[in-house]
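*Asks:* What follows is start15.txt; its format and atoms are compact mmCIF, C-alpha atoms.
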# COMPACT_ATOMS: atom_id res chain seq x y z
CA MET A 1 0.00 0.00 0.00
CA PRO A 2 1.35 3.44 -0.85
CA LYS A 3 2.72 5.49 2.03
CA VAL A 4 1.81 9.01 3.07
CA ARG A 5 5.10 10.86 3.30
CA VAL A 6 6.15 14.35 4.33
CA TYR A 7 9.35 15.95 2.94
CA LEU A 8 10.01 19.38 4.42
CA ALA A 9 12.76 21.76 5.40
CA CYS A 10 12.55 23.25 8.90
CA SER A 11 14.32 26.04 10.67
CA LEU A 12 15.98 25.20 13.97
CA ASP A 13 12.98 26.68 15.75
CA GLY A 14 10.55 24.44 13.86
CA PHE A 15 9.19 26.74 11.16
CA ILE A 16 8.56 25.51 7.61
CA ALA A 17 7.97 29.03 6.30
CA GLY A 18 8.79 32.45 7.66
CA PRO A 19 6.33 35.27 8.31
CA ASP A 20 3.93 35.83 5.37
CA ASN A 21 4.89 32.34 4.05
CA ASP A 22 8.39 33.55 3.21
CA LEU A 23 10.56 30.77 1.75
CA SER A 24 13.60 32.89 0.86
CA TRP A 25 15.55 31.30 3.73
CA LEU A 26 15.56 28.04 1.74
CA ALA A 27 17.89 29.46 -0.91
CA PRO A 28 20.98 27.27 -1.25
CA PRO A 29 24.29 28.68 -0.07
CA ASP A 30 26.58 30.07 -2.73
CA PRO A 31 28.19 27.86 -3.89
CA ALA A 32 26.22 24.78 -2.84
CA PRO A 33 28.42 21.93 -1.57
CA THR A 34 28.67 18.91 -3.82
CA GLY A 35 29.52 15.29 -3.30
CA PRO A 36 27.81 12.06 -2.35
CA THR A 37 25.32 11.95 0.49
CA GLU A 38 23.27 9.24 2.15
CA ALA A 39 20.46 11.74 2.67
CA LEU A 40 17.33 11.42 0.55
CA GLU A 41 17.75 13.94 -2.26
CA TYR A 42 14.60 15.72 -3.40
CA GLY A 43 14.72 14.23 -6.92
CA ASP A 44 15.05 10.70 -5.55
CA PHE A 45 12.14 11.35 -3.19
CA MET A 46 9.95 12.70 -6.01
CA ALA A 47 10.69 9.61 -8.14
CA GLN A 48 8.83 7.57 -5.48
CA ILE A 49 5.78 9.86 -5.49
CA GLY A 50 2.62 9.31 -7.55
CA ALA A 51 0.61 12.31 -6.34
CA MET A 52 0.87 15.32 -4.06
CA LEU A 53 -1.74 16.57 -1.62
CA MET A 54 -1.09 20.13 -0.57
CA GLY A 55 -2.92 22.88 1.23
CA ARG A 56 -4.27 25.94 -0.52
CA VAL A 57 -1.77 28.31 1.09
CA THR A 58 1.09 26.09 -0.10
CA HIS A 59 -0.35 26.00 -3.62
CA ASP A 60 -0.74 29.77 -3.76
CA THR A 61 2.73 30.37 -2.30
CA VAL A 62 4.44 28.04 -4.78
CA ALA A 63 2.37 29.33 -7.71
CA ALA A 64 3.40 32.91 -6.91
CA MET A 65 7.08 31.96 -7.16
CA GLY A 66 6.86 31.62 -10.96
CA GLU A 67 7.22 28.42 -12.97
CA TRP A 68 5.27 25.50 -11.45
CA PRO A 69 7.98 23.15 -10.14
CA TYR A 70 6.05 19.86 -10.14
CA GLY A 71 5.84 19.22 -13.89
CA GLU A 72 3.36 16.47 -14.75
CA MET A 73 2.94 15.32 -11.14
CA PRO A 74 -0.77 15.18 -10.21
CA VAL A 75 -1.36 17.71 -7.43
CA LEU A 76 -4.51 17.76 -5.31
CA VAL A 77 -5.12 21.02 -3.45
CA ALA A 78 -7.30 20.96 -0.35
CA THR A 79 -9.49 24.06 -0.53
CA ARG A 80 -13.04 25.19 -0.02
CA ARG A 81 -12.58 28.38 -2.06
CA PRO A 82 -12.61 28.74 -5.84
CA MET A 83 -9.09 28.69 -7.22
CA GLN A 84 -7.16 29.11 -10.41
CA PRO A 85 -4.97 25.96 -10.65
CA ALA A 86 -1.30 26.70 -11.24
CA ALA A 87 -1.08 23.94 -13.87
CA ALA A 88 -3.28 21.53 -15.80
CA THR A 89 -2.21 18.74 -13.43
CA VAL A 90 -3.65 20.58 -10.38
CA GLN A 91 -7.16 19.96 -9.09
CA ALA A 92 -9.08 21.30 -6.12
CA VAL A 93 -10.41 18.71 -3.65
CA GLN A 94 -12.51 18.85 -0.50
CA GLY A 95 -13.10 16.60 2.49
CA ASP A 96 -11.63 15.69 5.83
CA ILE A 97 -8.00 14.61 5.98
CA ALA A 98 -8.82 10.88 5.67
CA GLU A 99 -10.98 11.50 2.58
CA LEU A 100 -8.34 13.76 1.04
CA LEU A 101 -5.62 11.16 1.53
CA ASP A 102 -7.87 8.43 0.09
CA GLN A 103 -8.34 10.58 -3.02
CA ALA A 104 -4.59 11.17 -3.26
CA ARG A 105 -3.81 7.45 -2.87
CA LYS A 106 -6.15 6.62 -5.75
CA VAL A 107 -4.40 9.15 -7.97
CA ALA A 108 -0.94 7.96 -6.84
CA GLY A 109 -1.62 4.35 -7.86
CA ASP A 110 1.17 2.12 -6.55
CA LYS A 111 3.45 5.06 -5.67
CA ASP A 112 3.52 7.13 -2.47
CA VAL A 113 1.63 10.31 -1.62
CA TYR A 114 3.59 13.48 -0.83
CA LEU A 115 1.75 15.49 1.82
CA ASP A 116 2.75 19.16 1.88
CA GLY A 117 1.53 22.13 3.89
CA GLY A 118 1.68 22.79 7.60
CA ALA A 119 -2.05 22.57 8.39
CA LEU A 120 -2.55 19.37 6.40
CA VAL A 121 0.53 17.73 7.91
CA ARG A 122 -0.69 18.57 11.42
CA GLN A 123 -4.16 17.20 10.63
CA ALA A 124 -2.70 13.98 9.25
CA LEU A 125 -0.37 13.57 12.23
CA THR A 126 -3.29 14.07 14.63
CA ALA A 127 -5.31 11.46 12.71
CA GLU A 128 -2.27 9.11 12.68
CA LEU A 129 -2.26 9.00 8.88
CA VAL A 130 1.40 9.90 8.21
CA ASP A 131 3.77 7.00 7.55
CA GLU A 132 7.04 8.92 7.34
CA LEU A 133 8.50 12.40 7.77
CA VAL A 134 11.75 13.41 6.10
CA LEU A 135 12.76 16.67 7.76
CA THR A 136 15.81 18.64 6.71
CA TRP A 137 16.90 21.02 9.47
CA VAL A 138 18.40 24.25 8.16
CA PRO A 139 20.76 26.07 10.56
CA ILE A 140 18.68 29.22 10.85
CA VAL A 141 16.31 30.62 13.49
CA LEU A 142 13.34 32.41 11.93
CA GLY A 143 11.63 33.50 15.15
CA GLY A 144 8.17 33.25 13.61
CA GLY A 145 6.18 32.02 10.65
CA VAL A 146 4.46 28.72 9.89
CA SER A 147 5.22 26.20 12.62
CA LEU A 148 5.28 22.54 11.69
CA PHE A 149 4.19 21.26 15.09
CA GLU A 150 2.30 24.15 16.75
CA GLY A 151 -0.98 23.07 18.30
CA LEU A 152 -0.32 19.33 18.12
CA GLU A 153 -0.92 17.11 21.08
CA ARG A 154 2.00 14.98 22.24
CA GLN A 155 3.39 12.94 19.35
CA ASN A 156 5.92 10.11 19.60
CA PHE A 157 8.28 9.26 16.76
CA GLU A 158 11.12 6.87 16.11
CA PHE A 159 14.27 7.91 14.30
CA VAL A 160 14.77 5.86 11.15
CA SER A 161 17.89 7.65 9.92
CA GLN A 162 19.86 10.86 10.16
CA HIS A 163 22.43 12.25 7.76
CA SER A 164 24.47 15.34 7.14
CA TYR A 165 23.08 16.96 4.04
CA HIS A 166 25.31 19.71 2.67
CA HIS A 167 25.15 22.38 5.41
CA MET A 168 22.03 20.82 6.98
CA THR A 169 20.93 17.72 8.88
CA GLN A 170 18.23 15.43 7.54
CA VAL A 171 16.26 13.08 9.76
CA THR A 172 13.71 10.48 8.77
CA LEU A 173 11.04 9.84 11.37
CA ARG A 174 8.24 7.33 11.68
CA PRO A 175 5.29 8.27 13.88
CA LYS A 176 4.56 5.78 16.63
CA ALA A 177 0.89 4.89 16.94
CA SER A 178 -0.62 6.10 20.17
CA SER A 179 -1.76 3.42 22.56
CA THR A 180 -5.37 3.54 23.61
CA ALA A 181 -5.02 0.84 26.27
Once more with this new file: its structure as structure tokens, please.

*Replies:*
Amino acid sequence: MPKVRVYLACSLDGFIAGPDNDLSWLAPPDPAPTGPTEALEYGDFMAQIGAMLMGRVTHDTVAAMGEWPYGEMPVLVATRRPMQPAAATVQAVQGDIAELLDQARKVAGDKDVYLDGGALVRQALTAELVDELVLTWVPIVLGGGVSLFEGLERQNFEFVSQHSYHHMTQVTLRPKASSTA
């Protein structure tokens, strides 16, 4: 069964975007280090993905950056408002997080679903619907913005791997199911 996976960069203080959804802090250093890494490179991650499910704010933020970066990847955007899709492969969807992920899994076929957007990730974590998080920690403190974990109840994870990744550290986490006993 396809997995629901999260692949995000985070500041040291846990923000995935700065104030006003600013992503300028994600710019690579000049020049970017090169060489082999055991970290999961973005292109390798995307090769395992059959569909993306993203929030409306994420869609609008990425669309405003210029050229749509996801090519022919089917992208489902969770929204209740009318929207102008950024590409022909983008469609608006509605429902609760379980319904949205079911729709994304159907589109993804036998590949994984990439879940993107702070609010959707938090909803899926709360509903215990995330299989894996790949978080790349960038050595910067933003002091505010879009928090990845704000408002979540206690969550337990297990470390699957951790790697140096250029000037950053990447960790792969698997949520541990909560016990109801």

*Asks:* Grab the atom CA of Ala9 of chain A to atom CA of Val134 of chain A distance for me, in Å with one decimal place.

*Replies:*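 According to the coordinates, atom CA of Ala9 of chain A and atom CA of Val134 of chain A are separated by 8.4 Å.
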
*Asks:* Could you tell me how far atom CA of Tyr70 of chain A sits from atom CA of Ile49 of chain A, in Å to one decimal place?

*Replies:* 11.0 Å

*Asks:* Pick from A:Met73, A:Val4, A:Val113, A:Met52: nearest to Leu129 of chain A, with all atoms listed in the file counted?

*Replies:*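 The shortest atom-to-atom distance to Leu129 of chain A comes from A:Val4.
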
*Asks:* Hey, can you check how far atom CA of Met46 of chain A sits from atom CA of Ala87 of chain A?

*Replies:*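 Between these atoms lies a distance of 17.6 Å.
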
*Asks:* Name all residues at most 10 Å from segment 154-160 of chain A (count all atoms listed in the file; drop same-chain ones fewer than 5 positions away) and give them as a list in words.

*Replies:*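 The residues satisfying every condition are Leu125, Thr126, Glu128, Glu132, Leu133, Val134, Phe149, Val171, Thr172, Leu173, Arg174, Pro175, Lys176, Ala177 and Ser178 of chain A.
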